[in-house]
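Colleague: Here it is, the structure, as structure tokens.
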Amino acid sequence: MWLLLTVASLISVLGSTHGFLQKLAPESPEATMNVSQMITYWGYPCEEYEVVTEDGYILGIYRIPYGKKNSENRGRRPVAFLQHGLLASATNWIANLPNNSLAFILADAGYDVWLGNSRGNTWARRNLYYSPDSVEFWAFSFDEMAKYDLPATIDFIVQLTGQEKIHYVGHSQGTTIGFIAFSTNPMLASKIKTFYALAPVATVKYAKSLLKKLALIPQFLFKVIFGDKLFFPHNFFEQFLGTEVCSRETLDLLCSNALFIMCGFDIKNLNMSRFDVYLAHNPAGTSVQDALHWAQAAKSGKFQAFNWGSPFQNMLHYNQRTPPYYNVTAMTVPTAVWNGGNDLLADPQDVHMLLPKISNLIYHKEILPYNHLDFIWAMNAPQEVYNEIVSMMNEGEKQF
């Protein structure tokens, strides 16, 4: 990392004064915008709300009530809710051009689009009781996202829109918390028309990403290295790479390795002119405990709640000595799955173990060249995934 920073600094200085680099790629304005600004920049309407969870977390959520196409029809529309993955945020769904970003595509297709944020990321870093400077604020993993964040957000959307059921699109950890919430909370599951799972993650037994390396670190040493609060924060250095370094064409490949260390990358299928946007908004942060939970999953190969470290602590949290397992088969929501054959995090072997457990699987497609992030940023994602989602949603609406 220090070598990368040194190289970046040298090239930044030399490039601007001595013509060391090739010409600069145009900087995308959205690299320095917030979520609402990114949406309105392209001429779409945006509404911003705050959802308060049962345990006091304040989540920023965003709404695109209608698209630019057929914008004169502003009556009640069916709802599509998009939930991001690990270390990510709502920006993932709007980071590409409008014809390549799922949120804009759905809005133009006639849907009332909502973008969620999980606790601890850039847009969900407040709590009624705890400061983000405290250890208590960061005492959560994807367990709490499923138990508190999803119910609070979905209930808010259902109440505000007057829709009894909504479409749910999840990517990566967004699918994980969906599997947990919809299998353990039947009332919440009854509000979901269809679950569209992109790069689904339950077990990570066969994952080949950095998670495997993290799983080798004992928990006490993990906290010595990473602390016990924010993991992989979005900070000035990351933004510097995004707006100052990665905008220089020569360093696109270097930066892609830095960005995709957790998930792998597919240079051939990315819009390289958008790299400053990707890197400026990612990673958006999560808790060290969430990272520890994923390391636990990688080590055990099980889909299980967080292990608090001792039978006594587990008894306090779960009323049993060991963390409970999550039973995906208990979920009855109609579910469509898209996975990648080249995914380092949602490995095809893990996905193939998951599929038989989805009791109401209505569609499955494996895209062999795809990696983990292709589902949100690939140039051909509309052809491979998004158009199918729109068609399935449209068919589903005919049934309601």
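Starting from 1 in every chain, residues are counted up; chains themselves are A, B, ... following the order of the structure tokens, and ligands are numbered from 1 as listed.
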Neighbouring residues of Pro218 in chain A were defined as those with any atom within 10 Å, considering only C-alpha atoms; residues of the same chain fewer than 5 positions away were excluded. Please report them as a compact mmCIF listing (two decimals) with C-alpha atoms, in the first residue's frame.

Modeller:
```txt
# COMPACT_ATOMS: atom_id res chain seq x y z
CA LYS A 223 -8.63 -6.75 16.06
CA VAL A 224 -5.02 -5.81 16.74
CA LEU A 292 -14.85 -10.95 11.17
CA ALA A 295 -13.86 -14.52 7.96
CA GLN A 296 -15.74 -16.88 10.30
```

Colleague: Skipping near chain neighbours, those fewer than 3 positions away, what residues fall within 12 Å of Phe222 in chain A using only C-alpha atoms, listed as a PyMOL selection string?

Modeller: chain A and resi 213-219+225-229+231+288-289+291-293+295-296

Colleague: CA of Pro323 in chain A and CA of Thr184 in chain A are how many Å apart?

Modeller: 14.6 Å

Colleague: Show me, as a tab-separated table, the residues of range 152-173 of chain A having an atom within 12 Å of range 359-372 of chain A, each with the closest atom pair and its distance in Å, using only C-alpha atoms.

Modeller:
```
residue	atom	partner	partner_atom	distance
A:His171	CA	A:His372	CA	8.9
A:Ser172	CA	A:His372	CA	7.7
A:Gln173	CA	A:His372	CA	11.2
```

Colleague: In Å, how far is it from CA of Thr203 in chain A to CA of Thr322 in chain A?

Modeller: 17.5 Å

Colleague: Return the single residue from A:Thr91, A:Phe375, A:Ser300, A:Tyr62 that is closest to Met33 in chain A, with distances computed using only C-alpha atoms.

Modeller: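 Among the listed residues, the smallest separation from Met33 in chain A belongs to A:Thr91.
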
Colleague: What lies within 7 Å of Asn121 in chain A using only C-alpha atoms, ignoring chain neighbours under 5 positions off, as number ranges by chain?

Modeller: A: 89, 284-286

Colleague: Would you tabulate, counting only C-alpha atoms, all residues of range 294-350 of chain A that have an atom at most 12 Å from an atom of range 64-87 of chain A, showing the closest pair of atoms and their distance in Å to one decimal, sorted by chain then ascending number, as CSV?

Modeller:
```
residue,atom,partner,partner_atom,distance
A:Trp294,CA,A:Leu86,CA,9.8
A:Leu345,CA,A:Leu86,CA,10.5
A:Ala346,CA,A:Gly85,CA,11.6
```

Colleague: Identify, with DSSP run on backbone atoms, the residues in range 59-299 of chain A assigned to strand (DSSP E or B), and express the list as a PyMOL selection string.

Modeller: chain A and resi 59-64+79-83+112-115+126-127+166-171+192-198+230-231+248+270+286-287

Colleague: If I take CA of Asn96 in chain A and CA of Tyr278 in chain A, how far is one from the other in Å, to one decimal?

Modeller: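 These two atoms are separated by 8.7 Å.
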
Colleague: Pick out the residues sitting within 8 Å of Ile192 in chain A, and hand them over as a list in words; count only C-alpha atoms, and ignore anything fewer than 2 positions along from it in its own chain.

Modeller: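 Skipping anything fewer than 2 positions along the chain leaves Lys165, Ile166, His167, Tyr168, Leu188, Ala189, Ser190, Thr194, Phe195 and Val333 of chain A.
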
Colleague: Write out as a ChimeraX atom specification the residues lying within 12 Å of Thr122 in chain A, counting only C-alpha atoms and excluding same-chain residues fewer than 6 positions away.

Modeller: /A:34-35,58-61,87-91,116,132,230-235,280-287
